[in-house]
>>> print(open('run_21.txt').read())   # compact mmCIF, C-alpha atoms and all ligand atoms
# COMPACT_ATOMS: atom_id res chain seq x y z
CA MET A 1 -82.97 -82.89 19.76
CA PRO A 2 -85.67 -81.78 22.18
CA ALA A 3 -85.14 -83.07 25.71
CA LEU A 4 -88.64 -84.48 25.73
CA GLN A 5 -87.77 -86.95 23.00
CA LEU A 6 -84.84 -88.25 25.00
CA LEU A 7 -86.89 -88.51 28.13
CA SER A 8 -89.49 -90.55 26.28
CA GLY A 9 -87.26 -93.60 26.71
CA LEU A 10 -87.10 -93.09 30.46
CA THR A 11 -90.80 -92.26 30.51
CA GLU A 12 -91.70 -95.46 28.67
CA ILE A 13 -90.07 -97.58 31.36
CA ALA A 14 -90.93 -95.29 34.28
CA ASP A 15 -93.48 -97.69 35.74
CA VAL A 16 -91.51 -100.91 35.21
CA GLY A 17 -90.25 -102.48 38.43
CA ARG A 18 -91.21 -99.69 40.83
CA ASP A 19 -90.47 -100.77 44.39
CA ARG A 20 -93.28 -99.50 46.62
CA ARG A 21 -91.59 -100.58 49.84
CA ARG A 22 -88.06 -99.28 49.24
CA GLY A 23 -88.89 -96.51 46.78
CA GLY A 24 -87.19 -96.32 43.39
CA TYR A 25 -86.83 -99.45 41.27
CA SER A 26 -86.04 -103.11 41.85
CA ARG A 27 -85.31 -104.67 38.48
CA HIS A 28 -83.58 -108.02 38.86
CA LEU A 29 -82.37 -110.58 36.38
CA TRP A 30 -85.09 -112.56 34.58
CA GLN A 31 -87.78 -111.51 37.04
CA ALA A 32 -90.94 -109.75 35.88
CA ALA A 33 -89.52 -106.20 35.59
CA ASP A 34 -86.36 -107.37 33.83
CA LEU A 35 -88.38 -109.41 31.34
CA GLU A 36 -90.57 -106.38 30.63
CA LEU A 37 -87.49 -104.17 30.11
CA ARG A 38 -86.01 -106.74 27.72
CA SER A 39 -89.21 -106.68 25.66
CA TRP A 40 -89.13 -102.89 25.69
CA PHE A 41 -85.48 -102.91 24.53
CA VAL A 42 -86.27 -105.28 21.66
CA GLU A 43 -89.24 -103.19 20.59
CA ARG A 44 -87.32 -99.91 20.83
CA ALA A 45 -84.34 -101.34 18.91
CA GLU A 46 -86.55 -102.80 16.21
CA ARG A 47 -88.14 -99.39 15.76
CA LEU A 48 -84.66 -98.31 14.57
CA GLY A 49 -84.39 -101.34 12.31
CA LEU A 50 -81.81 -102.99 14.57
CA GLN A 51 -81.64 -106.79 14.76
CA VAL A 52 -81.74 -108.08 18.32
CA GLU A 53 -80.13 -111.31 19.50
CA THR A 54 -79.69 -112.86 22.94
CA ASP A 55 -76.25 -114.34 23.55
CA ARG A 56 -75.47 -117.51 25.53
CA ASN A 57 -75.35 -115.55 28.79
CA GLY A 58 -78.54 -113.54 28.40
CA ASN A 59 -76.95 -110.29 27.19
CA LEU A 60 -78.96 -108.55 24.45
CA TRP A 61 -77.24 -107.25 21.28
CA ALA A 62 -79.03 -104.92 18.86
CA TRP A 63 -77.15 -104.73 15.56
CA TRP A 64 -77.20 -101.84 13.15
CA GLY A 65 -76.49 -103.63 9.90
CA HIS A 66 -74.86 -107.04 9.81
CA PRO A 67 -73.16 -108.42 12.90
CA GLY A 68 -69.42 -108.67 12.36
CA THR A 69 -65.96 -108.27 13.81
CA ASP A 70 -64.25 -104.98 14.70
CA ALA A 71 -67.65 -103.63 15.73
CA VAL A 72 -68.16 -100.40 17.61
CA VAL A 73 -70.34 -101.52 20.52
CA THR A 74 -72.05 -99.17 22.95
CA GLY A 75 -74.49 -99.81 25.77
CA SER A 76 -75.01 -100.39 29.46
CA HIS A 77 -77.56 -102.28 31.58
CA LEU A 78 -81.24 -102.09 32.52
CA ASP A 79 -81.20 -103.93 35.86
CA SER A 80 -81.00 -102.06 39.18
CA VAL A 81 -79.92 -102.42 42.76
CA PRO A 82 -82.80 -103.00 45.22
CA GLY A 83 -84.59 -99.64 45.43
CA GLY A 84 -82.31 -98.06 42.83
CA GLY A 85 -82.67 -94.93 40.73
CA ALA A 86 -83.99 -94.42 37.21
CA TYR A 87 -80.72 -93.47 35.50
CA ASP A 88 -78.03 -95.99 36.53
CA GLY A 89 -77.97 -98.23 33.48
CA PRO A 90 -81.03 -97.14 31.50
CA LEU A 91 -79.47 -93.75 30.65
CA GLY A 92 -76.64 -95.50 28.81
CA VAL A 93 -78.92 -97.90 26.95
CA ILE A 94 -81.36 -95.16 25.95
CA SER A 95 -78.57 -92.75 24.96
CA SER A 96 -77.02 -95.44 22.75
CA LEU A 97 -80.31 -96.03 20.95
CA GLU A 98 -80.90 -92.27 20.65
CA ALA A 99 -77.41 -91.64 19.25
CA ILE A 100 -77.87 -94.34 16.61
CA GLY A 101 -81.31 -92.97 15.76
CA ARG A 102 -79.76 -89.54 15.19
CA LEU A 103 -76.98 -90.95 12.99
CA GLN A 104 -79.58 -92.79 10.93
CA ALA A 105 -81.75 -89.69 10.62
CA SER A 106 -78.77 -87.68 9.35
CA GLY A 107 -78.14 -90.25 6.60
CA PHE A 108 -74.86 -91.39 8.13
CA VAL A 109 -73.62 -94.73 6.79
CA PRO A 110 -71.28 -96.64 9.11
CA THR A 111 -68.17 -98.29 7.70
CA ARG A 112 -67.94 -100.79 10.58
CA PRO A 113 -70.50 -103.02 12.28
CA CYS A 114 -72.25 -101.36 15.22
CA ALA A 115 -74.30 -102.74 18.10
CA VAL A 116 -76.06 -101.66 21.27
CA LEU A 117 -75.29 -104.11 24.05
CA MET A 118 -77.51 -104.54 27.11
CA PHE A 119 -75.69 -106.48 29.81
CA ALA A 120 -77.46 -108.93 32.13
CA GLU A 121 -77.33 -108.49 35.95
CA GLU A 122 -74.80 -105.66 36.08
CA GLU A 123 -75.72 -104.86 39.68
CA GLY A 124 -75.55 -108.43 40.96
CA SER A 125 -78.81 -107.88 42.82
CA ARG A 126 -80.24 -111.35 42.24
CA PHE A 127 -77.19 -113.63 42.27
CA GLY A 128 -74.79 -111.49 44.30
CA LEU A 129 -72.12 -111.02 41.64
CA ALA A 130 -71.82 -107.63 39.94
CA CYS A 131 -71.22 -107.47 36.16
CA LEU A 132 -72.42 -111.05 35.82
CA GLY A 133 -73.24 -110.81 32.10
CA SER A 134 -69.92 -109.24 31.10
CA ARG A 135 -67.90 -111.53 33.39
CA LEU A 136 -69.55 -114.57 31.85
CA LEU A 137 -69.10 -113.27 28.30
CA THR A 138 -65.39 -112.58 28.81
CA GLY A 139 -64.71 -115.73 30.84
CA ALA A 140 -63.72 -113.63 33.87
CA LEU A 141 -66.13 -115.80 35.87
CA ASP A 142 -65.86 -119.58 35.86
CA ALA A 143 -69.01 -121.13 34.35
CA ASP A 144 -69.35 -123.85 37.00
CA GLN A 145 -69.06 -121.29 39.76
CA ALA A 146 -71.67 -119.16 38.00
CA ARG A 147 -74.16 -122.00 37.50
CA ALA A 148 -74.06 -122.74 41.24
CA LEU A 149 -74.82 -119.15 42.33
CA THR A 150 -78.15 -118.93 44.14
CA ASP A 151 -80.68 -116.16 44.64
CA HIS A 152 -82.52 -115.32 47.88
CA ASP A 153 -85.00 -118.14 47.23
CA GLY A 154 -82.30 -120.75 46.65
CA VAL A 155 -82.83 -120.82 42.87
CA THR A 156 -79.54 -121.48 41.08
CA LEU A 157 -78.38 -119.39 38.15
CA ALA A 158 -78.50 -122.57 36.07
CA GLU A 159 -82.19 -123.09 36.93
CA ALA A 160 -83.05 -119.44 36.33
CA ALA A 161 -81.23 -119.47 32.98
CA ARG A 162 -83.12 -122.58 31.89
CA LYS A 163 -86.44 -121.03 32.88
CA PHE A 164 -85.56 -117.93 30.86
CA GLY A 165 -84.84 -120.11 27.83
CA LEU A 166 -81.04 -120.37 27.86
CA ASN A 167 -79.06 -123.59 27.89
CA PRO A 168 -77.25 -123.59 31.27
CA ALA A 169 -74.51 -125.79 29.82
CA GLN A 170 -73.66 -122.94 27.44
CA LEU A 171 -73.25 -120.26 30.11
CA GLY A 172 -69.71 -118.90 30.30
CA ALA A 173 -66.94 -117.57 28.09
CA ASP A 174 -68.26 -116.73 24.64
CA PRO A 175 -65.13 -115.97 22.58
CA ASP A 176 -67.06 -115.73 19.31
CA ALA A 177 -69.38 -113.05 20.65
CA LEU A 178 -66.51 -111.22 22.37
CA ALA A 179 -64.36 -111.32 19.23
CA ARG A 180 -66.89 -109.14 17.43
CA ILE A 181 -66.25 -106.20 19.76
CA GLY A 182 -63.65 -103.86 18.26
CA LEU A 183 -64.19 -101.36 21.05
CA PHE A 184 -66.80 -100.71 23.73
CA ILE A 185 -68.25 -97.40 24.97
CA GLU A 186 -70.52 -97.12 28.00
CA LEU A 187 -72.32 -93.88 28.81
CA HIS A 188 -73.40 -93.69 32.45
CA VAL A 189 -74.83 -91.23 34.95
CA GLU A 190 -71.99 -90.11 37.19
CA GLN A 191 -72.00 -91.77 40.61
CA GLY A 192 -70.32 -89.00 42.51
CA ARG A 193 -69.86 -85.24 42.53
CA GLY A 194 -66.92 -84.78 40.17
CA LEU A 195 -68.85 -82.98 37.43
CA ILE A 196 -70.70 -80.74 39.89
CA ASP A 197 -67.39 -79.45 41.18
CA LEU A 198 -66.08 -78.97 37.63
CA GLY A 199 -69.27 -77.27 36.41
CA GLN A 200 -69.37 -79.53 33.34
CA PRO A 201 -72.17 -81.76 31.97
CA VAL A 202 -70.03 -84.59 30.56
CA ALA A 203 -66.72 -86.30 31.38
CA VAL A 204 -64.60 -89.10 29.96
CA ALA A 205 -63.72 -91.86 32.44
CA SER A 206 -60.05 -92.34 33.27
CA SER A 207 -60.11 -95.30 35.66
CA ILE A 208 -62.16 -97.44 38.02
CA LEU A 209 -61.12 -98.14 41.60
CA ALA A 210 -60.20 -101.69 42.58
CA HIS A 211 -63.20 -103.22 44.36
CA GLY A 212 -64.63 -106.43 45.70
CA ARG A 213 -67.23 -108.07 47.91
CA TRP A 214 -66.56 -110.24 50.94
CA ARG A 215 -68.83 -112.17 53.28
CA LEU A 216 -68.08 -111.85 56.97
CA THR A 217 -69.50 -114.73 59.00
CA VAL A 218 -69.46 -114.39 62.78
CA THR A 219 -70.42 -117.52 64.70
CA GLY A 220 -71.41 -117.64 68.37
CA GLN A 221 -73.93 -119.61 70.40
CA GLY A 222 -77.64 -119.41 69.63
CA ASN A 223 -79.69 -119.28 72.83
CA HIS A 224 -82.79 -118.02 74.63
CA ALA A 225 -83.04 -114.22 74.86
CA GLY A 226 -84.75 -114.38 78.27
CA ALA A 227 -83.05 -117.31 79.94
CA THR A 228 -79.42 -116.48 79.11
CA ALA A 229 -77.69 -114.07 81.48
CA MET A 230 -75.69 -111.32 79.82
CA ALA A 231 -72.40 -112.66 81.16
CA GLN A 232 -73.04 -116.10 79.65
CA ARG A 233 -73.60 -115.00 76.07
CA ARG A 234 -71.53 -115.54 72.95
CA ASP A 235 -73.59 -113.18 70.82
CA PRO A 236 -72.44 -112.85 67.18
CA MET A 237 -74.74 -109.86 66.64
CA VAL A 238 -72.78 -107.80 69.17
CA ALA A 239 -69.48 -108.96 67.65
CA THR A 240 -70.75 -108.04 64.18
CA ALA A 241 -71.83 -104.61 65.37
CA GLN A 242 -68.32 -104.00 66.68
CA ALA A 243 -66.83 -105.35 63.45
CA ILE A 244 -68.95 -102.91 61.44
CA VAL A 245 -67.66 -99.99 63.49
CA GLY A 246 -64.21 -101.42 62.73
CA VAL A 247 -64.95 -101.34 58.99
CA GLN A 248 -65.54 -97.60 59.17
CA ALA A 249 -62.45 -97.04 61.30
CA ALA A 250 -60.30 -99.10 58.92
CA ALA A 251 -61.45 -97.21 55.83
CA ARG A 252 -60.87 -93.87 57.56
CA SER A 253 -57.31 -94.94 58.39
CA PHE A 254 -56.56 -95.44 54.66
CA PRO A 255 -57.34 -92.05 53.06
CA GLY A 256 -59.36 -92.26 49.83
CA THR A 257 -60.57 -95.84 50.40
CA ARG A 258 -64.22 -96.83 50.84
CA ALA A 259 -65.66 -99.72 52.83
CA THR A 260 -69.32 -100.46 53.44
CA ILE A 261 -71.51 -103.02 55.15
CA GLY A 262 -74.91 -102.51 53.53
CA ARG A 263 -76.47 -105.86 54.28
CA ILE A 264 -76.55 -108.23 57.26
CA GLU A 265 -78.43 -111.42 57.97
CA ALA A 266 -78.89 -113.01 61.39
CA ILE A 267 -79.36 -116.77 61.69
CA PRO A 268 -81.97 -117.82 62.72
CA GLY A 269 -83.29 -114.23 62.96
CA GLY A 270 -85.83 -114.24 65.82
CA THR A 271 -86.60 -111.33 68.13
CA ASN A 272 -86.43 -113.55 71.23
CA VAL A 273 -83.40 -115.51 70.03
CA ILE A 274 -79.70 -114.78 70.49
CA ALA A 275 -78.38 -115.38 66.97
CA SER A 276 -76.16 -118.40 66.37
CA SER A 277 -74.38 -116.68 63.49
CA VAL A 278 -74.49 -113.46 61.50
CA HIS A 279 -73.50 -112.84 57.90
CA ALA A 280 -72.47 -109.33 56.88
CA TRP A 281 -71.45 -108.38 53.36
CA LEU A 282 -68.51 -106.05 52.87
CA ASP A 283 -67.94 -103.88 49.81
CA ALA A 284 -64.42 -102.40 49.78
CA ARG A 285 -62.69 -100.17 47.21
CA ALA A 286 -59.41 -98.30 46.78
CA GLU A 287 -57.27 -96.70 44.09
CA THR A 288 -54.97 -99.71 43.69
CA ASP A 289 -55.32 -103.47 44.09
CA GLU A 290 -52.64 -103.50 46.78
CA GLU A 291 -54.28 -100.79 48.86
CA THR A 292 -57.63 -102.60 48.66
CA ARG A 293 -56.01 -105.82 49.89
CA LEU A 294 -54.38 -103.95 52.79
CA LEU A 295 -57.70 -102.35 53.72
CA VAL A 296 -59.52 -105.70 53.71
CA ALA A 297 -56.76 -107.33 55.76
CA ASP A 298 -57.12 -104.58 58.35
CA ILE A 299 -60.91 -105.01 58.39
CA GLU A 300 -60.48 -108.76 58.87
CA ALA A 301 -58.10 -108.24 61.80
CA ARG A 302 -60.57 -105.87 63.46
CA ALA A 303 -63.41 -108.37 62.90
CA GLN A 304 -61.34 -111.16 64.49
CA GLN A 305 -60.69 -108.96 67.48
CA ALA A 306 -64.41 -108.13 67.81
CA ALA A 307 -65.26 -111.85 67.60
CA ASP A 308 -62.64 -112.76 70.23
CA GLN A 309 -63.97 -110.16 72.65
CA ASN A 310 -67.41 -111.78 72.45
CA GLY A 311 -66.40 -115.43 72.54
CA CYS A 312 -67.23 -115.83 68.86
CA SER A 313 -65.28 -116.75 65.73
CA ALA A 314 -65.12 -114.85 62.45
CA THR A 315 -64.24 -115.70 58.86
CA LEU A 316 -64.04 -113.40 55.85
CA ALA A 317 -64.62 -115.02 52.44
CA GLU A 318 -64.09 -113.25 49.11
CA GLU A 319 -67.18 -113.36 46.89
CA SER A 320 -65.95 -111.20 44.01
CA TRP A 321 -62.93 -109.18 43.02
CA ALA A 322 -62.24 -106.63 40.28
CA GLY A 323 -58.79 -105.09 40.03
CA ALA A 324 -58.30 -101.39 39.27
CA VAL A 325 -59.02 -100.51 35.63
CA GLN A 326 -57.32 -97.90 33.46
CA PHE A 327 -59.48 -97.15 30.44
CA THR A 328 -57.74 -97.40 27.07
CA PRO A 329 -55.48 -94.30 26.75
CA GLY A 330 -55.77 -94.23 22.94
CA LEU A 331 -59.56 -94.04 23.11
CA ARG A 332 -59.48 -91.39 25.82
CA GLU A 333 -57.19 -89.25 23.66
CA ARG A 334 -59.41 -89.77 20.63
CA PHE A 335 -62.48 -88.76 22.64
CA ALA A 336 -60.63 -85.64 23.84
CA GLN A 337 -59.87 -84.71 20.22
CA THR A 338 -63.48 -85.29 19.16
CA LEU A 339 -65.15 -83.63 22.12
CA GLY A 340 -62.73 -80.83 22.89
CA GLN A 341 -62.20 -79.74 26.47
CA VAL A 342 -63.86 -82.59 28.37
CA PRO A 343 -62.66 -83.46 31.87
CA GLN A 344 -61.42 -86.93 32.73
CA LEU A 345 -62.68 -88.49 35.96
CA SER A 346 -62.02 -91.71 37.84
CA THR A 347 -64.90 -93.54 39.49
CA GLY A 348 -65.47 -95.68 42.52
CA ALA A 349 -68.28 -97.60 40.84
CA GLY A 350 -67.78 -100.83 38.89
CA HIS A 351 -69.08 -101.13 35.32
CA ASP A 352 -69.30 -103.68 32.52
CA ALA A 353 -66.93 -101.42 30.56
CA GLY A 354 -64.36 -102.09 33.28
CA VAL A 355 -64.72 -105.85 32.81
CA LEU A 356 -64.44 -105.52 29.03
CA ALA A 357 -61.38 -103.25 29.34
CA ALA A 358 -59.21 -106.30 30.09
CA HIS A 359 -60.13 -107.72 26.66
CA VAL A 360 -60.98 -104.93 24.23
CA PRO A 361 -60.37 -101.16 24.05
CA SER A 362 -63.02 -99.63 26.31
CA ALA A 363 -64.15 -96.16 27.31
CA MET A 364 -66.86 -94.45 29.32
CA LEU A 365 -68.71 -91.15 29.25
CA PHE A 366 -70.22 -89.76 32.46
CA VAL A 367 -73.23 -87.45 32.63
CA ARG A 368 -73.47 -84.99 35.54
CA ASN A 369 -75.55 -86.05 38.54
CA PRO A 370 -76.71 -82.86 40.32
CA THR A 371 -76.70 -84.42 43.80
CA GLY A 372 -74.08 -87.11 43.32
CA ILE A 373 -76.56 -89.60 44.78
CA SER A 374 -76.78 -93.00 43.09
CA HIS A 375 -78.11 -96.47 43.94
CA ALA A 376 -81.00 -94.64 45.61
CA PRO A 377 -84.37 -93.29 44.43
CA GLU A 378 -83.03 -89.69 44.45
CA GLU A 379 -80.57 -90.44 41.62
CA PHE A 380 -81.10 -87.85 38.87
CA ALA A 381 -79.73 -86.13 35.78
CA GLU A 382 -81.03 -82.91 34.22
CA ALA A 383 -82.58 -83.34 30.77
CA ALA A 384 -80.12 -80.82 29.30
CA ASP A 385 -77.18 -82.83 30.65
CA CYS A 386 -78.66 -86.05 29.29
CA VAL A 387 -78.84 -84.37 25.88
CA ALA A 388 -75.21 -83.26 26.25
CA GLY A 389 -74.34 -86.91 26.91
CA ILE A 390 -76.12 -88.04 23.76
CA ASP A 391 -74.42 -85.25 21.80
CA ALA A 392 -71.04 -86.53 22.98
CA LEU A 393 -71.89 -90.17 22.26
CA GLU A 394 -73.17 -89.30 18.80
CA LEU A 395 -69.94 -87.41 18.04
CA VAL A 396 -67.64 -90.23 19.12
CA LEU A 397 -69.73 -92.82 17.27
CA ARG A 398 -69.64 -90.67 14.14
CA ASP A 399 -65.86 -90.48 14.49
CA LEU A 400 -65.34 -94.19 15.16
CA LEU A 401 -67.85 -95.61 12.70
ZN ZN B 501 -74.64 -98.92 36.25
>>> encode(input="run_21.txt", output="structure tokens")
Amino acid sequence: MPALQLLSGLTEIADVGRDRRRGGYSRHLWQAADLELRSWFVERAERLGLQVETDRNGNLWAWWGHPGTDAVVTGSHLDSVPGGGAYDGPLGVISSLEAIGRLQASGFVPTRPCAVLMFAEEEGSRFGLACLGSRLLTGALDADQARALTDHDGVTLAEAARKFGLNPAQLGADPDALARIGLFIELHVEQGRGLIDLGQPVAVASSILAHGRWRLTVTGQGNHAGATAMAQRRDPMVATAQAIVGVQAAARSFPGTRATIGRIEAIPGGTNVIASSVHAWLDARAETDEETRLLVADIEARAQQAADQNGCSATLAEESWAGAVQFTPGLRERFAQTLGQVPQLSTGAGHDAGVLAAHVPSAMLFVRNPTGISHAPEEFAEAADCVAGIDALELVLRDLL
């Protein structure tokens, strides 16, 4: 297939949700760009004769033939982080549609049901919880907890779902929809440099690091920036700054772990005001669940110490947790047989396939990222590598269907 044809999918959505301020794309659940991408997905799937349905949680399913159990399901997501790249998510959705289009064009007739699945809010950019659509579908996230999640404007997930046209009472575990999935395959641009070092265009995923999100709240005393002498301050911003340095030190003391503060919020947030409290969001990851817990405990101890030194108090609250995932060994072996010498790589990034892996056989394919950069406008994949990814997906679908 010519690369241009593949890129047409990315080209068609290239102007949807561009973020002029941050660069890249901001495509968030049920906001204008996401709605436009959903329409595009429906139109593109219908061009292949697929039947599209929206499930109770806002995930889109495009069925090749009749929906049914033991289905081979492939897909990814179309939403992005704030100021994200063009490939994280869309490459998997577009490759799935392309692979099915190729199978159809070759006259292939599947012996099992097949669907392309587009997950809602994989990045958690609007409601703060990554893999929201797959966690709701599988029941990994409690429905009441989900309904109460709020976005930056204070809109609850329940309200947003209603506005989109879903029944908020029906959000949550959807065993009937889940029971149709015989196995799930997610193709994704690699978020790292593994394939660069190996000199290969495509890999099979072996595992996902344990990861989670925590909210650090440091509370001090709000006061006047001009009238309060330095010695009299209980400034949570200073304590938070020290805690952030502690996050880096903690992660460096546990080799192979990753910990990041990428977002902070000062209350009330005035230039001439000593903050009364500061929220900082921690993302922490490690090879095993236990190591991640140890890392976070160390970060919490350092944050407490930073708070004490500044007359403040600190609390660390877990907002989400995903244990380490090993992708289904049987599927990985079958992929290796179908694709030949393909490397296996672990990843530090979370994915819907990782959530599904606790319920159904799941696998991932990674496509080389020539800089390793992701969640940023510079994220990229060469057209030839994207084609190699579709080649691989087509082969495994042909084998499994
Ligand atoms: Zn992704």
>>> residues_near_ligand(input="run_21.txt", ligand="ligand ZN 501 (chain B)", cutoff="7 Å", atoms="all atoms listed in the file", output="PyMOL selection string")
chain A and resi 76-77+88-89+122-123+188+351
>>> residues_around(input="run_21.txt", residues="A:Ile274", least_positions_apart="6", cutoff="12 Å", atoms="all atoms listed in the file", output="PyMOL selection string")
chain A and resi 219-230+232-238+266-268
>>> atom_distance(input="run_21.txt", atom1="atom CA of A:Gln191", atom2="atom CA of A:Thr347")
7.4 Å
>>> residues_around(input="run_21.txt", residues="A:Ser80", least_positions_apart="6", cutoff="10 Å", atoms="all atoms listed in the file", output="list in words")
Gly17, Gly24, Tyr25, Ser26, Arg27, His28, Leu29, Asp34, Ala86, Tyr87, Asp88, Gly89, Pro90, Glu121, Glu122, Glu123, Gly124, Ser125, Arg126, His375 and Ala376 of chain A
>>> atom_distance(input="run_21.txt", atom1="atom CA of A:Pro168", atom2="atom CA of A:Pro67")
24.2 Å
>>> closest_residue(input="run_21.txt", among="A:Val72, A:Val42, A:Ala241, A:Leu316", to="A:Ala363", atoms="all atoms listed in the file")
A:Val72
>>> closest_residue(input="run_21.txt", among="A:Ala275, A:Ala146, A:Val73, A:Leu395", to="A:Leu183", atoms="only C-alpha atoms")
A:Val73
>>> closest_residue(input="run_21.txt", among="A:Gly199, A:Gly49, A:Pro361, A:Gly23", to="A:Ile185", atoms="all atoms listed in the file")
A:Pro361
>>> closest_residue(input="run_21.txt", among="A:Glu394, A:Thr150, A:Ala231, A:Glu291", to="A:Gln104", atoms="all atoms listed in the file")
A:Glu394
>>> residues_around(input="run_21.txt", residues="stretch 209-216 of chain A", least_positions_apart="4", cutoff="6 Å", atoms="only C-alpha atoms", output="ChimeraX atom specification")
/A:279-289,315-324,348
>>> atom_distance(input="run_21.txt", atom1="atom CA of A:Ile390", atom2="atom CA of A:Ala177")
26.1 Å
>>> residues_near_point(input="run_21.txt", point="(-86.8, -104.1, 22.4)", cutoff="12 Å", atoms="all atoms listed in the file", output="mmCIF file with C-alpha atoms, in the coordinates of the input")
data_model
loop_
_atom_site.group_PDB
_atom_site.id
_atom_site.type_symbol
_atom_site.label_atom_id
_atom_site.label_comp_id
_atom_site.auth_asym_id
_atom_site.auth_seq_id
_atom_site.Cartn_x
_atom_site.Cartn_y
_atom_site.Cartn_z
ATOM 1 C CA GLY A 9 -87.260 -93.600 26.710
ATOM 2 C CA GLU A 12 -91.700 -95.460 28.670
ATOM 3 C CA ILE A 13 -90.070 -97.580 31.360
ATOM 4 C CA ASP A 34 -86.360 -107.370 33.830
ATOM 5 C CA LEU A 35 -88.380 -109.410 31.340
ATOM 6 C CA GLU A 36 -90.570 -106.380 30.630
ATOM 7 C CA LEU A 37 -87.490 -104.170 30.110
ATOM 8 C CA ARG A 38 -86.010 -106.740 27.720
ATOM 9 C CA SER A 39 -89.210 -106.680 25.660
ATOM 10 C CA TRP A 40 -89.130 -102.890 25.690
ATOM 11 C CA PHE A 41 -85.480 -102.910 24.530
ATOM 12 C CA VAL A 42 -86.270 -105.280 21.660
ATOM 13 C CA GLU A 43 -89.240 -103.190 20.590
ATOM 14 C CA ARG A 44 -87.320 -99.910 20.830
ATOM 15 C CA ALA A 45 -84.340 -101.340 18.910
ATOM 16 C CA GLU A 46 -86.550 -102.800 16.210
ATOM 17 C CA ARG A 47 -88.140 -99.390 15.760
ATOM 18 C CA LEU A 48 -84.660 -98.310 14.570
ATOM 19 C CA GLY A 49 -84.390 -101.340 12.310
ATOM 20 C CA LEU A 50 -81.810 -102.990 14.570
ATOM 21 C CA GLN A 51 -81.640 -106.790 14.760
ATOM 22 C CA VAL A 52 -81.740 -108.080 18.320
ATOM 23 C CA GLU A 53 -80.130 -111.310 19.500
ATOM 24 C CA THR A 54 -79.690 -112.860 22.940
ATOM 25 C CA LEU A 60 -78.960 -108.550 24.450
ATOM 26 C CA TRP A 61 -77.240 -107.250 21.280
ATOM 27 C CA ALA A 62 -79.030 -104.920 18.860
ATOM 28 C CA TRP A 63 -77.150 -104.730 15.560
ATOM 29 C CA LEU A 78 -81.240 -102.090 32.520
ATOM 30 C CA VAL A 93 -78.920 -97.900 26.950
ATOM 31 C CA ILE A 94 -81.360 -95.160 25.950
ATOM 32 C CA LEU A 97 -80.310 -96.030 20.950
ATOM 33 C CA VAL A 116 -76.060 -101.660 21.270
ATOM 34 C CA LEU A 117 -75.290 -104.110 24.050
ATOM 35 C CA MET A 118 -77.510 -104.540 27.110
#
>>> closest_residue(input="run_21.txt", among="A:Leu157, A:Cys386, A:Leu149, A:Ala140", to="A:Ala357", atoms="only C-alpha atoms")
A:Ala140
>>> closest_residue(input="run_21.txt", among="A:Asn272, A:Ala205, A:Arg252, A:Leu294", to="A:Leu331", atoms="all atoms listed in the file")
A:Ala205
>>> axis_aligned_box(input="run_21.txt", around="stretch 9-24 of chain A", padding_each_side="5 Å", output="AutoDock Vina command-line options")
--center_x -90.3 --center_y -97.4 --center_z 38.3 --size_x 16.4 --size_y 20.2 --size_z 33.1
>>> decode(input="run_21.txt", residues="stretch 368-375 of chain A", atoms="N, CA, C and O atoms", output="mmCIF file, in the first residue's frame")
data_model
loop_
_atom_site.group_PDB
_atom_site.id
_atom_site.type_symbol
_atom_site.label_atom_id
_atom_site.label_comp_id
_atom_site.auth_asym_id
_atom_site.auth_seq_id
_atom_site.Cartn_x
_atom_site.Cartn_y
_atom_site.Cartn_z
ATOM 1 N N ARG A 368 7.974 2.180 15.498
ATOM 2 C CA ARG A 368 9.151 3.001 15.846
ATOM 3 C C ARG A 368 8.838 4.507 15.837
ATOM 4 O O ARG A 368 8.145 5.002 14.942
ATOM 5 N N ASN A 369 9.397 5.173 16.828
ATOM 6 C CA ASN A 369 9.266 6.622 16.974
ATOM 7 C C ASN A 369 10.694 7.168 16.865
ATOM 8 O O ASN A 369 11.516 6.917 17.743
ATOM 9 N N PRO A 370 11.034 7.884 15.787
ATOM 10 C CA PRO A 370 12.447 8.190 15.501
ATOM 11 C C PRO A 370 13.118 9.122 16.498
ATOM 12 O O PRO A 370 14.343 9.242 16.499
ATOM 13 N N THR A 371 12.355 9.778 17.363
ATOM 14 C CA THR A 371 12.987 10.597 18.402
ATOM 15 C C THR A 371 12.696 10.043 19.793
ATOM 16 O O THR A 371 13.328 10.450 20.765
ATOM 17 N N GLY A 372 11.718 9.152 19.875
ATOM 18 C CA GLY A 372 11.310 8.670 21.196
ATOM 19 C C GLY A 372 10.376 9.630 21.910
ATOM 20 O O GLY A 372 9.842 9.310 22.970
ATOM 21 N N ILE A 373 10.180 10.819 21.336
ATOM 22 C CA ILE A 373 9.356 11.833 22.017
ATOM 23 C C ILE A 373 7.875 11.508 21.834
ATOM 24 O O ILE A 373 7.430 11.176 20.732
ATOM 25 N N SER A 374 7.122 11.603 22.925
ATOM 26 C CA SER A 374 5.674 11.411 22.860
ATOM 27 C C SER A 374 5.009 12.360 23.848
ATOM 28 O O SER A 374 5.681 12.974 24.674
ATOM 29 N N HIS A 375 3.692 12.482 23.752
ATOM 30 C CA HIS A 375 2.936 13.449 24.567
ATOM 31 C C HIS A 375 3.487 14.860 24.348
ATOM 32 O O HIS A 375 3.522 15.673 25.275
#
